[in-house]
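The next block is work.txt, given as compact mmCIF, C-alpha atoms.
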```
# COMPACT_ATOMS: atom_id res chain seq x y z
CA MET L 282 7.84 -32.82 -45.31
CA LYS L 283 4.93 -30.61 -46.19
CA LYS L 284 2.74 -32.14 -43.48
CA LYS L 285 5.43 -31.49 -40.86
CA GLY L 286 5.42 -27.78 -41.68
CA ARG L 287 1.64 -27.62 -41.44
CA TYR L 288 1.72 -29.41 -38.11
CA SER L 289 4.25 -26.89 -36.76
CA LYS L 290 2.08 -23.98 -37.88
CA ALA L 291 -0.98 -25.55 -36.24
CA VAL L 292 0.94 -25.97 -33.00
CA LEU L 293 2.19 -22.40 -33.20
CA TRP L 294 -1.32 -21.00 -33.75
CA SER L 295 -2.67 -23.14 -30.93
CA VAL L 296 -0.02 -21.78 -28.59
CA VAL L 297 -0.83 -18.22 -29.66
CA ALA L 298 -4.58 -18.81 -29.14
CA VAL L 299 -4.02 -20.30 -25.69
CA GLY L 300 -1.71 -17.40 -24.80
CA LEU L 301 -4.33 -14.86 -25.81
CA LEU L 302 -7.00 -16.66 -23.78
CA VAL L 303 -4.76 -16.78 -20.72
CA ALA L 304 -3.82 -13.11 -21.07
CA GLY L 305 -7.47 -12.13 -21.48
CA GLY L 306 -8.47 -14.20 -18.46
CA ALA L 307 -5.67 -12.67 -16.40
CA GLY L 308 -6.81 -9.19 -17.41
CA ILE L 309 -10.39 -9.92 -16.37
CA TYR L 310 -9.18 -11.43 -13.10
CA MET L 311 -6.99 -8.38 -12.36
CA TYR L 312 -9.84 -5.99 -13.08
CA PHE L 313 -12.36 -7.65 -10.78
CA ASN L 314 -9.92 -8.64 -8.03
CA HIS L 315 -7.44 -5.79 -7.99
CA ILE L 316 -8.44 -2.70 -9.96
CA LYS L 317 -12.22 -2.60 -9.32
CA PRO L 318 -11.96 -2.89 -5.50
CA GLN L 319 -9.38 -0.08 -5.47
CA GLU L 320 -11.65 2.11 -7.58
CA ASP L 321 -14.47 1.35 -5.14
CA LEU L 322 -12.28 2.40 -2.19
CA LYS L 323 -11.37 5.66 -3.88
CA ALA L 324 -15.03 6.35 -4.68
CA GLN L 325 -15.87 5.63 -1.03
CA LEU L 326 -13.17 8.10 0.02
CA GLU L 327 -14.66 10.82 -2.19
CA LYS L 328 -18.05 10.31 -0.49
CA ASP L 329 -16.73 10.02 3.06
CA PRO L 330 -13.26 11.60 3.50
CA PRO L 331 -11.57 11.66 6.90
CA THR L 332 -12.71 14.67 8.92
CA GLY L 333 -10.86 17.08 11.17
CA VAL L 334 -7.36 16.19 10.00
CA THR L 335 -4.90 18.85 11.14
CA ASP L 336 -2.32 20.27 8.76
CA ASP L 337 0.42 18.89 11.05
CA LEU L 338 -0.97 15.36 10.88
CA ALA L 339 -1.45 15.54 7.10
CA ALA L 340 2.15 16.75 6.69
CA MET L 341 3.45 14.03 9.02
CA ILE L 342 1.64 11.35 6.99
CA ALA L 343 3.01 12.66 3.67
CA ASP L 344 6.56 13.04 4.97
CA THR L 345 6.59 9.65 6.68
CA HIS L 346 5.20 7.97 3.56
CA GLU L 347 8.06 9.46 1.56
CA GLN L 348 10.58 8.26 4.17
CA TYR L 349 9.16 4.72 4.00
CA ASN L 350 9.24 4.85 0.19
CA ASN L 351 12.96 5.59 0.42
CA LEU L 352 13.56 2.97 3.11
CA THR L 353 11.57 0.08 1.64
CA GLY L 354 10.74 0.92 -1.98
CA TYR L 355 12.42 -0.31 -5.13
CA GLY L 356 13.51 -3.56 -3.49
CA ASN L 357 15.19 -1.84 -0.53
CA ILE L 358 13.08 -3.93 1.85
CA ASP L 359 15.15 -6.98 0.86
CA GLY L 360 18.31 -5.36 2.22
CA LEU L 361 16.57 -3.34 4.93
CA ASP L 362 18.90 -0.85 6.60
CA GLN L 363 18.25 -1.73 10.25
CA ASP L 364 19.67 1.53 11.64
CA LYS L 365 17.51 3.70 9.38
CA ALA L 366 14.47 1.55 10.14
CA ILE L 367 15.02 1.96 13.89
CA THR L 368 15.54 5.71 13.57
CA LEU L 369 12.39 6.12 11.48
CA SER L 370 10.34 3.92 13.82
CA LYS L 371 11.43 5.98 16.83
CA ARG L 372 10.38 9.16 15.04
CA VAL L 373 7.03 7.64 14.01
CA PHE L 374 6.44 6.40 17.57
CA LYS L 375 7.05 9.89 18.95
CA GLU L 376 5.00 11.75 16.33
CA SER L 377 2.08 9.33 16.34
CA GLY L 378 2.00 9.53 20.15
CA GLU L 379 1.90 13.33 19.97
CA ALA L 380 -0.92 13.22 17.41
CA LEU L 381 -2.91 10.84 19.60
CA LYS L 382 -2.40 13.06 22.66
CA LYS L 383 -3.65 16.12 20.75
CA GLY L 384 -6.66 14.11 19.64
CA ILE L 385 -7.80 12.92 16.24
CA VAL L 386 -11.40 13.72 15.34
CA ASP L 387 -11.89 10.93 12.80
CA LYS L 388 -12.37 7.64 14.72
CA GLN L 389 -11.04 5.43 11.91
CA LEU L 390 -7.94 7.58 11.50
CA GLU L 391 -7.44 7.52 15.26
CA ASP L 392 -7.61 3.70 15.21
CA ASP L 393 -5.06 3.60 12.38
CA MET L 394 -2.73 5.91 14.31
CA LYS L 395 -3.02 3.68 17.38
CA THR L 396 -2.00 0.68 15.28
CA ILE L 397 0.87 2.66 13.73
CA HIS L 398 1.97 3.80 17.19
CA GLN L 399 2.13 0.18 18.39
CA LEU L 400 3.93 -1.05 15.26
CA ALA L 401 6.43 1.81 15.53
CA LYS L 402 7.09 0.91 19.16
CA GLU L 403 7.78 -2.72 18.21
CA THR L 404 10.01 -1.84 15.25
CA SER L 405 11.99 0.81 17.15
CA THR L 406 13.97 -1.98 18.85
CA ASN L 407 13.52 -4.87 16.41
CA PRO L 408 12.76 -3.74 12.85
CA ASP L 409 11.08 -6.90 11.56
CA LYS L 410 10.94 -6.63 7.78
CA GLU L 411 7.23 -7.50 7.54
CA GLN L 412 6.24 -5.00 10.23
CA VAL L 413 8.28 -2.27 8.51
CA ARG L 414 6.57 -3.17 5.23
CA LEU L 415 3.20 -2.92 7.01
CA LEU L 416 4.07 0.53 8.40
CA HIS L 417 4.94 1.65 4.89
CA ARG L 418 1.58 0.34 3.64
CA TYR L 419 -0.30 2.16 6.41
CA PHE L 420 1.33 5.47 5.51
CA HIS L 421 0.85 4.82 1.79
CA ASP L 422 -2.91 4.27 2.18
CA LEU L 423 -3.26 7.13 4.67
CA ASP L 424 -1.43 9.46 2.27
CA ILE L 425 -4.02 8.56 -0.37
CA ALA L 426 -6.89 9.05 2.08
CA VAL L 427 -5.69 12.25 3.75
CA ASN L 428 -3.53 13.99 1.14
CA ARG L 429 -4.96 12.53 -2.09
CA TYR L 430 -1.56 11.02 -2.99
CA LYS L 431 -1.75 10.13 -6.69
CA GLU L 432 1.69 8.75 -7.57
CA THR L 433 0.23 5.23 -7.84
CA ASP L 434 -3.11 3.50 -8.16
CA THR L 435 -2.19 0.80 -5.65
CA VAL L 436 -4.23 0.63 -2.46
CA PHE L 437 -3.04 -1.95 0.06
CA GLY L 438 -6.29 -1.95 2.00
CA VAL L 439 -4.67 -2.11 5.44
CA THR L 440 -6.26 0.97 7.01
CA GLU L 441 -9.62 1.58 8.60
CA THR L 442 -9.58 5.10 7.15
CA LEU L 443 -9.41 4.14 3.49
CA GLY L 444 -11.12 0.81 3.96
CA LYS L 445 -10.36 -2.65 2.76
CA PRO L 446 -11.23 -4.14 -0.63
CA GLU L 447 -14.13 -6.59 -0.41
```
Let me see the structure of the file written as structure tokens.
Amino acid sequence: MKKKGRYSKAVLWSVVAVGLLVAGGAGIYMYFNHIKPQEDLKAQLEKDPPTGVTDDLAAMIADTHEQYNNLTGYGNIDGLDQDKAITLSKRVFKESGEALKKGIVDKQLEDDMKTIHQLAKETSTNPDKEQVRLLHRYFHDLDIAVNRYKETDTVFGVTETLGKPE
């Protein structure tokens, strides 16, 4: 009986040791593959922020990001409200078109707005869940780049403006 108890303790300690190794490895993996690239993007942004962004465009990005947070965040994307998605896409299509007509000084931001404009056009009649998610990610990253949004450390890396993790 005594040996059985010792064997159980040895197994328990082995499981704990393996768990700690896995957790440590996962932490290292997350740092070098998720956290470090995002820190690099934010450092890049500090050195080379978008230029010539109008107050109207900055406000549109912040407001639209908030609207997409409400539409898709907290699991709402799984039960996407098609009517709200269409309404928001129509608004984004109109506002991004107006911003492009006025002109955007920063070439990367202009390219991002062109992509957003096209995605908004496509989702204004057929709000595909993945395209709506992508629009949200564009506005999320642009809000970080343009308005220094700090509610989260996540960078999706979908924009030309903020860059993509390497």
Problem - Sel. within 12 Å of pt (9.8, 6.9, 16.5), counting all atoms listed in the file, output as a list in words - result: Thr345, Lys365, Ala366, Ile367, Thr368, Leu369, Ser370, Lys371, Arg372, Val373, Phe374, Lys375, Glu376, Ser377, Gly378, Glu379, Ile397, His398, Gln399, Leu400, Ala401, Lys402, Glu403, Thr404, Ser405, Thr406, Pro408 and Leu416 of chain L
Exercise for the section: Have a look at CA of Val413 in chain L and CA of Ile425 in chain L and let me know their distance in Å, one decimal. Expected result: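 That distance, rounded to one decimal, is 18.6 Å.
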Problem - All residues 10 Å or closer to Asp393 in chain L, only C-alpha atoms, same chain fewer than 2 positions away omitted, as a list in words - result: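 Selected residues are Ser377, Lys388, Gln389, Leu390, Glu391, Lys395, Thr396, Ile397, His398, Gln399, Tyr419, Phe420, Leu423, Val439, Thr440, Glu441, Thr442 and Leu443 of chain L.
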Exercise for the section: Mind giving me the straight-line distance from CA of Asn428 in chain L to CA of Ala339 in chain L in Å, one decimal? Expected result: 6.5 Å
Show which residues sit within 12 Å of Gly354 in chain L, as a compact mmCIF listing (two decimals) with C-alpha atoms, in the frame of the given file. Count all atoms listed in the file, and ignore same-chain residues fewer than 4 positions away.
```
# COMPACT_ATOMS: atom_id res chain seq x y z
CA HIS L 346 5.20 7.97 3.56
CA GLU L 347 8.06 9.46 1.56
CA GLN L 348 10.58 8.26 4.17
CA TYR L 349 9.16 4.72 4.00
CA ASN L 350 9.24 4.85 0.19
CA ILE L 358 13.08 -3.93 1.85
CA ASP L 359 15.15 -6.98 0.86
CA GLY L 360 18.31 -5.36 2.22
CA LEU L 361 16.57 -3.34 4.93
CA ASP L 362 18.90 -0.85 6.60
CA VAL L 413 8.28 -2.27 8.51
CA ARG L 414 6.57 -3.17 5.23
CA HIS L 417 4.94 1.65 4.89
CA ARG L 418 1.58 0.34 3.64
CA HIS L 421 0.85 4.82 1.79
```
Exercise for the section: One decimal, Å: what's the distance from CA of Leu381 in chain L over to CA of Met394 in chain L, could you say? Expected result: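 Rounded to one decimal, the two atoms are 7.2 Å apart.
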Handout entry: Selected residue, from L:Ala426, L:Ser289, L:Asp387, L:Asp409, that lies nearest to Thr332 in chain L when counting all atoms listed in the file
Key = L:Asp387
Output, as JSON, the centre and edge lengths in Å (one decimal) of the axis-aligned box that contains all listed atoms of range 431-442 of chain L with 6 Å of margin on each side.
```
{"center_x": -4.0, "center_y": 4.0, "center_z": 0.2, "size_x": 23.3, "size_y": 24.2, "size_z": 28.8}
```
Fill in the blank from the handout: Using only C-alpha atoms, the shortest atom-to-atom distance to Asp424 in chain L among L:Asp392, L:Asp364, L:Glu411, L:Asp344 belongs to L:Asp344
Fill in the blank from the handout: Nearest to Ala380 in chain L, restricted to all atoms listed in the file and choosing among L:Leu352, L:Val334, L:Asn357, L:Gln412, comes out as L:Val334
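Contact shell of Thr335 in chain L at 10 Å (all atoms listed in the file; same-chain neighbours under 6 positions omitted): L:Met341, L:Ala380, L:Gly384, L:Ile385, L:Val386, L:Val427.
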Quick test: take range 321-444 of chain L, keep C-alpha atoms, and write it as an mmCIF file, in the first residue's frame.
```cif
data_model
loop_
_atom_site.group_PDB
_atom_site.id
_atom_site.type_symbol
_atom_site.label_atom_id
_atom_site.label_comp_id
_atom_site.auth_asym_id
_atom_site.auth_seq_id
_atom_site.Cartn_x
_atom_site.Cartn_y
_atom_site.Cartn_z
ATOM 1 C CA ASP L 321 7.095 46.564 -32.560
ATOM 2 C CA LEU L 322 4.107 47.908 -34.530
ATOM 3 C CA LYS L 323 3.306 50.423 -31.814
ATOM 4 C CA ALA L 324 6.945 51.536 -31.677
ATOM 5 C CA GLN L 325 6.888 51.916 -35.469
ATOM 6 C CA LEU L 326 3.744 54.039 -35.151
ATOM 7 C CA GLU L 327 5.442 56.348 -32.643
ATOM 8 C CA LYS L 328 8.309 56.897 -35.107
ATOM 9 C CA ASP L 329 6.152 57.273 -38.215
ATOM 10 C CA PRO L 330 2.531 58.255 -37.416
ATOM 11 C CA PRO L 331 0.015 58.866 -40.195
ATOM 12 C CA THR L 332 0.244 62.435 -41.464
ATOM 13 C CA GLY L 333 -2.380 64.964 -42.471
ATOM 14 C CA VAL L 334 -5.340 63.185 -40.866
ATOM 15 C CA THR L 335 -8.287 65.567 -40.629
ATOM 16 C CA ASP L 336 -10.313 65.859 -37.442
ATOM 17 C CA ASP L 337 -13.375 64.623 -39.370
ATOM 18 C CA LEU L 338 -11.597 61.478 -40.531
ATOM 19 C CA ALA L 339 -10.176 60.783 -37.060
ATOM 20 C CA ALA L 340 -13.662 61.185 -35.542
ATOM 21 C CA MET L 341 -15.200 58.944 -38.212
ATOM 22 C CA ILE L 342 -12.639 56.214 -37.475
ATOM 23 C CA ALA L 343 -13.233 56.383 -33.705
ATOM 24 C CA ASP L 344 -17.024 56.432 -34.036
ATOM 25 C CA THR L 345 -17.112 53.625 -36.593
ATOM 26 C CA HIS L 346 -14.781 51.498 -34.472
ATOM 27 C CA GLU L 347 -17.174 51.904 -31.552
ATOM 28 C CA GLN L 348 -20.129 50.963 -33.773
ATOM 29 C CA TYR L 349 -18.324 47.804 -34.946
ATOM 30 C CA ASN L 350 -17.422 46.961 -31.336
ATOM 31 C CA ASN L 351 -21.132 47.052 -30.522
ATOM 32 C CA LEU L 352 -22.110 45.127 -33.649
ATOM 33 C CA THR L 353 -19.494 42.369 -33.542
ATOM 34 C CA GLY L 354 -17.853 42.413 -30.108
ATOM 35 C CA TYR L 355 -18.512 40.146 -27.152
ATOM 36 C CA GLY L 356 -19.616 37.273 -29.381
ATOM 37 C CA ASN L 357 -22.190 39.350 -31.279
ATOM 38 C CA ILE L 358 -20.546 38.341 -34.559
ATOM 39 C CA ASP L 359 -21.930 34.815 -34.054
ATOM 40 C CA GLY L 360 -25.499 36.123 -34.168
ATOM 41 C CA LEU L 361 -24.759 39.038 -36.495
ATOM 42 C CA ASP L 362 -27.710 41.408 -36.835
ATOM 43 C CA GLN L 363 -27.939 41.601 -40.633
ATOM 44 C CA ASP L 364 -30.026 44.790 -40.686
ATOM 45 C CA LYS L 365 -27.617 46.676 -38.421
ATOM 46 C CA ALA L 366 -24.654 45.368 -40.416
ATOM 47 C CA ILE L 367 -26.200 46.600 -43.679
ATOM 48 C CA THR L 368 -27.044 49.994 -42.187
ATOM 49 C CA LEU L 369 -23.518 50.430 -40.806
ATOM 50 C CA SER L 370 -21.922 49.286 -44.076
ATOM 51 C CA LYS L 371 -23.980 51.810 -46.053
ATOM 52 C CA ARG L 372 -22.866 54.570 -43.703
ATOM 53 C CA VAL L 373 -19.211 53.477 -43.912
ATOM 54 C CA PHE L 374 -19.429 53.291 -47.708
ATOM 55 C CA LYS L 375 -20.770 56.842 -47.866
ATOM 56 C CA GLU L 376 -18.334 58.329 -45.336
ATOM 57 C CA SER L 377 -15.263 56.552 -46.679
ATOM 58 C CA GLY L 378 -16.194 57.708 -50.194
ATOM 59 C CA GLU L 379 -16.483 61.297 -48.965
ATOM 60 C CA ALA L 380 -13.101 61.062 -47.221
ATOM 61 C CA LEU L 381 -11.490 59.703 -50.384
ATOM 62 C CA LYS L 382 -13.027 62.492 -52.488
ATOM 63 C CA LYS L 383 -11.680 65.143 -50.100
ATOM 64 C CA GLY L 384 -8.279 63.496 -50.300
ATOM 65 C CA ILE L 385 -6.164 61.721 -47.724
ATOM 66 C CA VAL L 386 -2.569 62.905 -47.448
ATOM 67 C CA ASP L 387 -1.125 59.701 -45.984
ATOM 68 C CA LYS L 388 -0.795 57.136 -48.817
ATOM 69 C CA GLN L 389 -1.091 54.097 -46.540
ATOM 70 C CA LEU L 390 -4.201 55.477 -44.859
ATOM 71 C CA GLU L 391 -5.648 56.269 -48.279
ATOM 72 C CA ASP L 392 -5.038 52.653 -49.366
ATOM 73 C CA ASP L 393 -6.738 51.399 -46.193
ATOM 74 C CA MET L 394 -9.738 53.655 -46.816
ATOM 75 C CA LYS L 395 -10.005 52.355 -50.386
ATOM 76 C CA THR L 396 -10.093 48.794 -49.064
ATOM 77 C CA ILE L 397 -12.667 49.775 -46.426
ATOM 78 C CA HIS L 398 -14.749 51.521 -49.083
ATOM 79 C CA GLN L 399 -14.813 48.352 -51.203
ATOM 80 C CA LEU L 400 -15.579 46.072 -48.246
ATOM 81 C CA ALA L 401 -18.376 48.407 -47.126
ATOM 82 C CA LYS L 402 -19.852 48.341 -50.629
ATOM 83 C CA GLU L 403 -19.850 44.530 -50.629
ATOM 84 C CA THR L 404 -21.321 44.223 -47.130
ATOM 85 C CA SER L 405 -24.016 46.863 -47.713
ATOM 86 C CA THR L 406 -26.040 44.280 -49.656
ATOM 87 C CA ASN L 407 -24.648 41.002 -48.308
ATOM 88 C CA PRO L 408 -23.117 41.325 -44.835
ATOM 89 C CA ASP L 409 -20.823 38.300 -44.905
ATOM 90 C CA LYS L 410 -19.730 37.633 -41.335
ATOM 91 C CA GLU L 411 -16.013 37.410 -42.166
ATOM 92 C CA GLN L 412 -16.046 40.643 -44.177
ATOM 93 C CA VAL L 413 -17.868 42.443 -41.346
ATOM 94 C CA ARG L 414 -15.265 41.076 -38.916
ATOM 95 C CA LEU L 415 -12.526 42.365 -41.248
ATOM 96 C CA LEU L 416 -14.111 45.837 -41.366
ATOM 97 C CA HIS L 417 -14.157 45.866 -37.573
ATOM 98 C CA ARG L 418 -10.471 44.916 -37.518
ATOM 99 C CA TYR L 419 -9.592 47.672 -39.996
ATOM 100 C CA PHE L 420 -11.289 50.308 -37.851
ATOM 101 C CA HIS L 421 -9.794 48.840 -34.676
ATOM 102 C CA ASP L 422 -6.225 49.091 -36.018
ATOM 103 C CA LEU L 423 -6.859 52.503 -37.595
ATOM 104 C CA ASP L 424 -8.254 53.789 -34.295
ATOM 105 C CA ILE L 425 -4.987 52.736 -32.657
ATOM 106 C CA ALA L 426 -2.919 54.334 -35.429
ATOM 107 C CA VAL L 427 -4.869 57.575 -35.805
ATOM 108 C CA ASN L 428 -6.453 58.190 -32.398
ATOM 109 C CA ARG L 429 -4.085 56.255 -30.111
ATOM 110 C CA TYR L 430 -6.938 53.984 -28.966
ATOM 111 C CA LYS L 431 -5.699 52.244 -25.809
ATOM 112 C CA GLU L 432 -8.613 50.091 -24.635
ATOM 113 C CA THR L 433 -6.738 46.939 -25.712
ATOM 114 C CA ASP L 434 -3.259 45.807 -26.636
ATOM 115 C CA THR L 435 -4.489 43.703 -29.551
ATOM 116 C CA VAL L 436 -3.346 44.705 -33.021
ATOM 117 C CA PHE L 437 -4.849 42.668 -35.850
ATOM 118 C CA GLY L 438 -2.232 43.737 -38.372
ATOM 119 C CA VAL L 439 -4.663 44.155 -41.267
ATOM 120 C CA THR L 440 -3.896 47.764 -42.203
ATOM 121 C CA GLU L 441 -1.160 49.349 -44.243
ATOM 122 C CA THR L 442 -1.213 52.329 -41.873
ATOM 123 C CA LEU L 443 -0.319 50.463 -38.699
ATOM 124 C CA GLY L 444 1.574 47.724 -40.463
#
```
